[in-house]
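Text of structure05.cif (mmCIF, C-alpha atoms) as supplied:
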```cif
data_final
loop_
_atom_site.group_PDB
_atom_site.id
_atom_site.type_symbol
_atom_site.label_atom_id
_atom_site.label_comp_id
_atom_site.auth_asym_id
_atom_site.auth_seq_id
_atom_site.Cartn_x
_atom_site.Cartn_y
_atom_site.Cartn_z
ATOM 1 C CA MET A 70 174.390 -119.735 51.890
ATOM 2 C CA GLU A 71 176.614 -122.427 53.392
ATOM 3 C CA GLU A 72 179.618 -120.100 53.344
ATOM 4 C CA GLN A 73 177.550 -117.387 55.059
ATOM 5 C CA LEU A 74 176.625 -119.812 57.857
ATOM 6 C CA ARG A 75 180.251 -120.824 58.336
ATOM 7 C CA ASN A 76 181.330 -117.198 58.657
ATOM 8 C CA GLN A 77 178.486 -116.211 60.991
ATOM 9 C CA GLN A 78 179.709 -114.683 64.268
ATOM 10 C CA VAL A 79 177.843 -117.126 66.469
ATOM 11 C CA PHE A 80 180.061 -116.744 69.526
ATOM 12 C CA ALA A 81 179.879 -112.931 69.431
ATOM 13 C CA ASP A 82 176.081 -112.999 69.042
ATOM 14 C CA LEU A 83 175.792 -115.576 71.819
ATOM 15 C CA GLU A 84 177.895 -113.424 74.154
ATOM 16 C CA ASP A 85 175.646 -110.417 73.448
ATOM 17 C CA ARG A 86 172.577 -112.478 74.348
ATOM 18 C CA LEU A 87 174.165 -113.806 77.544
ATOM 19 C CA ALA A 88 175.338 -110.320 78.533
ATOM 20 C CA ARG A 89 171.734 -109.130 78.505
ATOM 21 C CA LEU A 90 170.918 -111.795 81.100
ATOM 22 C CA GLU A 91 173.562 -110.558 83.527
ATOM 23 C CA PRO A 92 172.654 -107.877 86.094
ATOM 24 C CA LYS A 93 173.873 -104.414 85.196
ATOM 25 C CA ASP A 94 177.120 -103.199 86.763
ATOM 26 C CA VAL A 95 177.960 -106.522 88.377
ATOM 27 C CA ALA A 96 179.906 -105.784 91.574
ATOM 28 C CA ASN A 97 180.146 -102.104 90.456
ATOM 29 C CA LEU A 98 183.869 -102.510 89.898
ATOM 30 C CA LYS A 99 184.043 -99.539 87.524
ATOM 31 C CA ARG A 100 182.426 -97.306 90.135
ATOM 32 C CA ASP A 101 184.946 -98.399 92.754
ATOM 33 C CA ARG A 102 188.075 -97.947 90.696
ATOM 34 C CA TRP A 103 189.265 -94.975 92.749
ATOM 35 C CA PRO A 104 189.340 -96.783 96.141
ATOM 36 C CA PHE A 105 191.148 -99.651 94.447
ATOM 37 C CA GLY A 106 193.595 -97.149 92.930
ATOM 38 C CA ILE A 107 194.184 -95.573 96.353
ATOM 39 C CA MET A 108 194.867 -99.027 97.742
ATOM 40 C CA LEU A 109 197.513 -99.646 95.050
ATOM 41 C CA VAL A 110 199.134 -96.242 95.653
ATOM 42 C CA GLY A 111 199.247 -96.967 99.386
ATOM 43 C CA MET A 112 200.777 -100.366 98.705
ATOM 44 C CA ALA A 113 203.513 -98.760 96.591
ATOM 45 C CA MET A 114 204.235 -96.123 99.255
ATOM 46 C CA SER A 115 204.356 -98.703 102.048
ATOM 47 C CA MET A 116 207.086 -100.602 100.201
ATOM 48 C CA LEU A 117 209.528 -97.689 99.842
ATOM 49 C CA THR A 118 211.699 -99.017 102.629
ATOM 50 C CA THR A 119 212.067 -102.362 100.858
ATOM 51 C CA ILE A 120 214.133 -100.792 98.044
ATOM 52 C CA GLY A 121 216.753 -99.461 100.438
ATOM 53 C CA LEU A 122 215.393 -95.930 101.073
ATOM 54 C CA THR A 123 215.799 -94.715 104.637
ATOM 55 C CA GLY A 124 215.143 -91.594 106.658
ATOM 56 C CA GLU A 125 212.369 -89.971 108.622
ATOM 57 C CA VAL A 126 210.483 -88.832 105.495
ATOM 58 C CA VAL A 127 210.493 -92.345 104.053
ATOM 59 C CA ALA A 128 209.271 -93.732 107.358
ATOM 60 C CA TRP A 129 206.352 -91.292 107.382
ATOM 61 C CA LEU A 130 205.565 -92.069 103.741
ATOM 62 C CA THR A 131 205.484 -95.751 104.635
ATOM 63 C CA VAL A 132 203.028 -95.091 107.454
ATOM 64 C CA VAL A 133 200.855 -92.948 105.181
ATOM 65 C CA GLY A 134 200.997 -95.678 102.533
ATOM 66 C CA VAL A 135 199.776 -98.314 104.970
ATOM 67 C CA VAL A 136 196.931 -96.019 106.069
ATOM 68 C CA LEU A 137 195.946 -95.331 102.438
ATOM 69 C CA GLU A 138 196.061 -99.030 101.632
ATOM 70 C CA PHE A 139 193.750 -99.945 104.505
ATOM 71 C CA CYS A 140 191.433 -96.975 103.860
ATOM 72 C CA GLY A 141 191.113 -97.817 100.167
ATOM 73 C CA ALA A 142 190.466 -101.471 100.946
ATOM 74 C CA GLY A 143 187.958 -100.527 103.657
ATOM 75 C CA VAL A 144 185.963 -98.227 101.365
ATOM 76 C CA PHE A 145 186.058 -100.789 98.556
ATOM 77 C CA PHE A 146 184.794 -103.686 100.686
ATOM 78 C CA TYR A 147 182.217 -101.480 102.459
ATOM 79 C CA ARG A 148 180.655 -100.342 99.184
ATOM 80 C CA GLN A 149 180.665 -103.877 97.822
ATOM 81 C CA ALA A 150 179.044 -105.175 101.011
ATOM 82 C CA ARG A 151 176.434 -102.389 100.918
ATOM 83 C CA ASP A 152 175.382 -103.582 97.457
ATOM 84 C CA ALA A 153 175.464 -107.276 98.317
ATOM 85 C CA VAL A 154 173.804 -107.329 101.768
ATOM 86 C CA PRO A 155 170.267 -106.393 100.551
ATOM 87 C CA ASP A 156 170.314 -109.473 98.316
ATOM 88 C CA PHE A 157 170.512 -111.639 101.441
ATOM 89 C CA ILE A 158 167.196 -110.230 102.736
ATOM 90 C CA ASP A 159 164.415 -112.600 101.618
ATOM 91 C CA SER A 160 167.054 -114.073 99.346
ATOM 92 C CA LYS A 161 165.213 -117.327 98.649
ATOM 93 C CA ARG A 162 162.194 -115.568 97.126
ATOM 94 C CA LYS A 163 164.368 -113.139 95.179
ATOM 95 C CA PHE A 164 166.345 -116.060 93.816
ATOM 96 C CA SER A 165 163.169 -117.906 92.780
ATOM 97 C CA LEU A 166 161.901 -114.812 90.939
ATOM 98 C CA ASP A 167 165.248 -114.517 89.219
ATOM 99 C CA LEU A 168 165.034 -118.159 88.122
ATOM 100 C CA ASP A 169 161.577 -117.581 86.624
ATOM 101 C CA SER A 170 162.718 -114.558 84.643
ATOM 102 C CA LYS A 171 165.955 -116.158 83.453
ATOM 103 C CA LEU A 172 164.241 -119.371 82.358
ATOM 104 C CA LEU A 173 162.414 -117.701 79.477
ATOM 105 C CA ALA A 174 165.560 -115.925 78.337
ATOM 106 C CA HIS A 175 167.484 -119.214 78.551
ATOM 107 C CA GLU A 176 164.899 -120.986 76.397
ATOM 108 C CA GLU A 177 164.989 -118.148 73.866
ATOM 109 C CA THR A 178 168.783 -118.534 73.632
ATOM 110 C CA LEU A 179 168.433 -122.282 73.042
ATOM 111 C CA ALA A 180 165.749 -121.681 70.402
ATOM 112 C CA TRP A 181 168.092 -119.278 68.622
ATOM 113 C CA LEU A 182 170.913 -121.820 68.709
ATOM 114 C CA ARG A 183 168.610 -124.475 67.260
ATOM 115 C CA THR A 184 168.132 -122.285 64.181
ATOM 116 C CA LEU A 185 171.718 -123.171 63.294
ATOM 117 C CA PRO A 186 172.208 -126.383 61.315
ATOM 118 C CA LEU A 187 173.327 -129.343 63.407
ATOM 119 C CA GLN A 188 176.566 -129.545 61.443
ATOM 120 C CA GLU A 189 177.461 -125.934 62.305
ATOM 121 C CA ARG A 190 176.711 -126.473 65.986
ATOM 122 C CA ASN A 191 178.868 -129.589 66.108
ATOM 123 C CA ARG A 192 181.629 -127.727 64.284
ATOM 124 C CA ARG A 193 181.698 -125.036 66.932
ATOM 125 C CA ILE A 194 181.507 -127.520 69.805
ATOM 126 C CA THR A 195 184.519 -129.349 68.379
ATOM 127 C CA TYR A 196 186.414 -126.073 68.120
ATOM 128 C CA LEU A 197 185.555 -125.109 71.722
ATOM 129 C CA ASP A 198 186.753 -128.487 72.985
ATOM 130 C CA TYR A 199 189.993 -127.962 71.086
ATOM 131 C CA ARG A 200 190.532 -124.472 72.552
ATOM 132 C CA LEU A 201 189.802 -125.698 76.080
ATOM 133 C CA GLU A 202 192.307 -128.521 75.693
ATOM 134 C CA VAL A 203 194.970 -126.138 74.386
ATOM 135 C CA LEU A 204 194.301 -123.721 77.257
ATOM 136 C CA ALA A 205 194.628 -126.501 79.835
ATOM 137 C CA GLN A 206 197.845 -127.857 78.351
ATOM 138 C CA ARG A 207 199.488 -124.471 77.906
ATOM 139 C CA TYR A 208 198.825 -122.913 81.302
ATOM 140 C CA GLN A 209 198.085 -125.820 83.668
ATOM 141 C CA ILE A 210 201.667 -126.170 84.923
ATOM 142 C CA LEU A 211 202.117 -122.451 85.545
ATOM 143 C CA PHE A 212 198.735 -121.516 87.033
ATOM 144 C CA GLY A 213 196.829 -124.721 87.816
ATOM 145 C CA ALA A 214 193.170 -124.566 88.807
ATOM 146 C CA VAL A 215 193.284 -121.158 90.486
ATOM 147 C CA ASP A 216 189.502 -120.995 90.750
ATOM 148 C CA LYS A 217 189.689 -123.799 93.329
ATOM 149 C CA LEU A 218 191.987 -121.692 95.514
ATOM 150 C CA GLY A 219 189.737 -118.631 95.601
ATOM 151 C CA LEU A 220 191.287 -115.663 97.404
ATOM 152 C CA LEU A 221 193.984 -117.739 99.104
ATOM 153 C CA PRO A 222 196.838 -116.554 96.797
ATOM 154 C CA MET A 223 195.859 -112.911 97.390
ATOM 155 C CA LEU A 224 195.817 -113.425 101.165
ATOM 156 C CA VAL A 225 199.227 -115.106 101.017
ATOM 157 C CA ALA A 226 200.604 -112.230 98.925
ATOM 158 C CA THR A 227 199.250 -109.686 101.432
ATOM 159 C CA PHE A 228 200.862 -111.609 104.301
ATOM 160 C CA VAL A 229 204.193 -111.769 102.452
ATOM 161 C CA GLN A 230 203.980 -108.025 101.818
ATOM 162 C CA SER A 231 203.477 -107.360 105.533
ATOM 163 C CA LEU A 232 206.575 -109.448 106.242
ATOM 164 C CA ALA A 233 208.514 -107.357 103.718
ATOM 165 C CA ILE A 234 207.478 -104.139 105.474
ATOM 166 C CA ASN A 235 208.461 -105.460 108.895
ATOM 167 C CA SER A 236 211.812 -106.848 107.816
ATOM 168 C CA VAL A 237 212.608 -104.222 105.132
ATOM 169 C CA SER A 238 213.216 -106.951 102.572
ATOM 170 C CA PHE A 239 213.162 -106.098 98.868
ATOM 171 C CA PRO A 240 213.240 -109.775 97.718
ATOM 172 C CA THR A 241 210.229 -110.571 99.920
ATOM 173 C CA ALA A 242 208.323 -107.576 98.548
ATOM 174 C CA LEU A 243 209.193 -108.631 95.010
ATOM 175 C CA CYS A 244 207.887 -112.114 95.783
ATOM 176 C CA ALA A 245 204.580 -110.616 97.001
ATOM 177 C CA LEU A 246 204.191 -108.576 93.829
ATOM 178 C CA GLY A 247 204.957 -111.666 91.758
ATOM 179 C CA LEU A 248 202.260 -113.629 93.588
ATOM 180 C CA LEU A 249 199.712 -110.884 92.955
ATOM 181 C CA ALA A 250 200.657 -110.664 89.271
ATOM 182 C CA LEU A 251 200.410 -114.423 88.748
ATOM 183 C CA TYR A 252 197.080 -114.517 90.575
ATOM 184 C CA GLY A 253 195.687 -111.748 88.367
ATOM 185 C CA MET A 254 196.850 -113.507 85.195
ATOM 186 C CA ALA A 255 195.370 -116.819 86.361
ATOM 187 C CA ILE A 256 191.997 -115.241 87.145
ATOM 188 C CA TRP A 257 192.028 -113.553 83.725
ATOM 189 C CA LEU A 258 192.588 -116.905 81.999
ATOM 190 C CA ALA A 259 189.978 -118.633 84.177
ATOM 191 C CA ARG A 260 187.372 -116.171 82.880
ATOM 192 C CA PHE A 261 188.030 -117.269 79.293
ATOM 193 C CA ARG A 262 187.864 -120.953 80.257
ATOM 194 C CA LEU A 263 184.510 -120.508 81.990
ATOM 195 C CA GLN A 264 183.231 -118.479 79.035
ATOM 196 C CA MET A 265 184.081 -121.223 76.521
ATOM 197 C CA GLN A 266 182.642 -123.928 78.789
ATOM 198 C CA ARG A 267 179.384 -121.987 78.962
ATOM 199 C CA TYR A 268 179.192 -121.719 75.170
ATOM 200 C CA ALA A 269 179.835 -125.446 74.759
ATOM 201 C CA ARG A 270 177.235 -126.354 77.385
ATOM 202 C CA LEU A 271 174.547 -124.266 75.654
ATOM 203 C CA LEU A 272 175.363 -125.699 72.231
ATOM 204 C CA ARG A 273 175.194 -129.241 73.583
ATOM 205 C CA GLU A 274 171.932 -128.516 75.398
ATOM 206 C CA ALA A 275 170.411 -127.167 72.183
ATOM 207 C CA GLY A 276 171.410 -130.401 70.424
ATOM 208 C CA ALA A 277 170.023 -132.520 73.272
ATOM 209 C CA ASN A 278 166.678 -130.738 73.011
ATOM 210 C CA ASP A 279 166.608 -131.406 69.283
ATOM 211 C CA LYS A 280 167.228 -135.113 69.880
ATOM 212 C CA HIS A 281 164.550 -135.253 72.587
ATOM 213 C CA GLU A 282 161.954 -133.556 70.380
ATOM 214 C CA SER A 283 162.822 -135.896 67.498
ATOM 215 C CA MET A 284 162.278 -138.932 69.731
ATOM 216 C CA LEU A 285 158.921 -137.576 70.878
ATOM 217 C CA ALA A 286 157.861 -136.957 67.292
ATOM 218 C CA ASP A 287 158.831 -140.515 66.320
ATOM 219 C CA ALA A 288 156.901 -141.906 69.265
ATOM 220 C CA GLU A 289 153.759 -139.932 68.334
ATOM 221 C CA ALA A 290 154.060 -141.065 64.717
ATOM 222 C CA VAL A 291 154.065 -144.698 65.843
#
```
Would you write the structure of this file as structure tokens?
Amino acid sequence: MEEQLRNQQVFADLEDRLARLEPKDVANLKRDRWPFGIMLVGMAMSMLTTIGLTGEVVAWLTVVGVVLEFCGAGVFFYRQARDAVPDFIDSKRKFSLDLDSKLLAHEETLAWLRTLPLQERNRRITYLDYRLEVLAQRYQILFGAVDKLGLLPMLVATFVQSLAINSVSFPTALCALGLLALYGMAIWLARFRLQMQRYARLLREAGANDKHESMLADAEAV
């Protein structure tokens, strides 16, 4: 029985429970893959001159690439805004209703975590702390706290790309692509860090509730 508890896929089960609390098709990114793809194709076409290609055809392809890039970005942001704007209408009441519905699900998740022995919960909290420390030490110098910068690196990369188009500079274009790649990798790693922090917070909250209930029971017994 003890070995079965140690091998239980707690993190996978916890992620399944948390996924059910999230709204379906968050940001509809899968739906909007094609405008994002058009934007990338346009970006590639607009940078043809930066690799040394010249001529009237290349110039026209560059213009078409810029148009495709802006069209793809425009469609992408329009569709995202169309989904997000209704949430701002009577947003305070909608948010309060969402809090009411999520509270019960949150308490059910904590109740499920409390079915695990305290030793198993502490074991997993210790492991999460270890993984978070390793993640911070391994990638802090390269990426830093990218979540504090928001979209700033992407805006800088877009500005550098525009400079590359104007000056026909391959090194500048390469620098822009490097910035975008590093930003994407940093965001990818930030998702895992936030995921582990959420698991640890829930496990600790489940333990805190246990301690609180034990104190209440002792007080009533006295």
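Comparing the minimum interatomic distances between Tyr268 of chain A and each of A:Cys244, A:Ile256, A:Ile194, A:Ala250, counting all atoms listed in the file, we find that A:Ile194 sits nearest.
Between atom CA of Tyr208 of chain A and atom CA of Arg193 of chain A the separation is 22.5 Å.
Selection result for the displayed file, with the PyMOL selection byres ((chain A and resi 137) around 9) as criterion, is Ile107, Met108, Leu109, Val110, Gly111, Met112, Met114, Val132, Val133, Gly134, Val135, Val136, Glu138, Phe139, Cys140, Gly141 and Ala142 of chain A.
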- Note on the structure: atom CA of Gln264 of chain A to atom CA of Glu91 of chain A measures 13.3 Å
- Message: I'd like the neighbourhood of Arg183 of chain A as a VMD selection string, where a residue qualifies if any of its atoms comes within 8 Å (using all atoms listed in the file), though same-chain residues fewer than 3 positions away should be ignored.
- Response: chain A and resid 179 to 180 186 to 187 275 to 276 279
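Here atom CA of Leu197 of chain A and atom CA of Ala255 of chain A stand 19.5 Å from one another.
With all atoms listed in the file taken into account, the protein and nucleic acid residues at most 10 Å from segment 164-176 of chain A (excluding it and anything under 5 positions from it in its own chain) are Arg86, Leu87, Arg89, Leu90, Glu91, Asp156, Phe157, Asp159, Trp181, Leu182, Leu271 and Ala275 of chain A.
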Using all atoms of segment 74-89 of chain A listed in the file and a margin of 5 Å per side, can you give the axis-aligned box centre and edge lengths in Å to one decimal, as lines of an AutoDock Vina configuration file?
```
center_x = 176.5
center_y = -115.0
center_z = 68.2
size_x = 19.6
size_y = 21.7
size_z = 30.7
```
Residue members of the PyMOL selection byres ((chain A and resi 267) around 12) in the file shown, as a PDB file with C-alpha atoms, in the coordinates of the input:
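See part-v2.pdb below for the written result:
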```pdb
ATOM      1  CA  PHE A  80     180.061-116.744  69.526  1.00  0.00           C
ATOM      2  CA  LEU A  83     175.792-115.576  71.819  1.00  0.00           C
ATOM      3  CA  GLU A  84     177.895-113.424  74.154  1.00  0.00           C
ATOM      4  CA  LEU A  87     174.165-113.806  77.544  1.00  0.00           C
ATOM      5  CA  ILE A 194     181.507-127.520  69.805  1.00  0.00           C
ATOM      6  CA  LEU A 197     185.555-125.109  71.722  1.00  0.00           C
ATOM      7  CA  ASP A 198     186.753-128.487  72.985  1.00  0.00           C
ATOM      8  CA  LEU A 201     189.802-125.698  76.080  1.00  0.00           C
ATOM      9  CA  ARG A 260     187.372-116.171  82.880  1.00  0.00           C
ATOM     10  CA  PHE A 261     188.030-117.269  79.293  1.00  0.00           C
ATOM     11  CA  ARG A 262     187.864-120.953  80.257  1.00  0.00           C
ATOM     12  CA  LEU A 263     184.510-120.508  81.990  1.00  0.00           C
ATOM     13  CA  GLN A 264     183.231-118.479  79.035  1.00  0.00           C
ATOM     14  CA  MET A 265     184.081-121.223  76.521  1.00  0.00           C
ATOM     15  CA  GLN A 266     182.642-123.928  78.789  1.00  0.00           C
ATOM     16  CA  TYR A 268     179.192-121.719  75.170  1.00  0.00           C
ATOM     17  CA  ALA A 269     179.835-125.446  74.759  1.00  0.00           C
ATOM     18  CA  ARG A 270     177.235-126.354  77.385  1.00  0.00           C
ATOM     19  CA  LEU A 271     174.547-124.266  75.654  1.00  0.00           C
ATOM     20  CA  LEU A 272     175.363-125.699  72.231  1.00  0.00           C
ATOM     21  CA  ARG A 273     175.194-129.241  73.583  1.00  0.00           C
ATOM     22  CA  GLU A 274     171.932-128.516  75.398  1.00  0.00           C
TER      23      GLU A 274
END
```
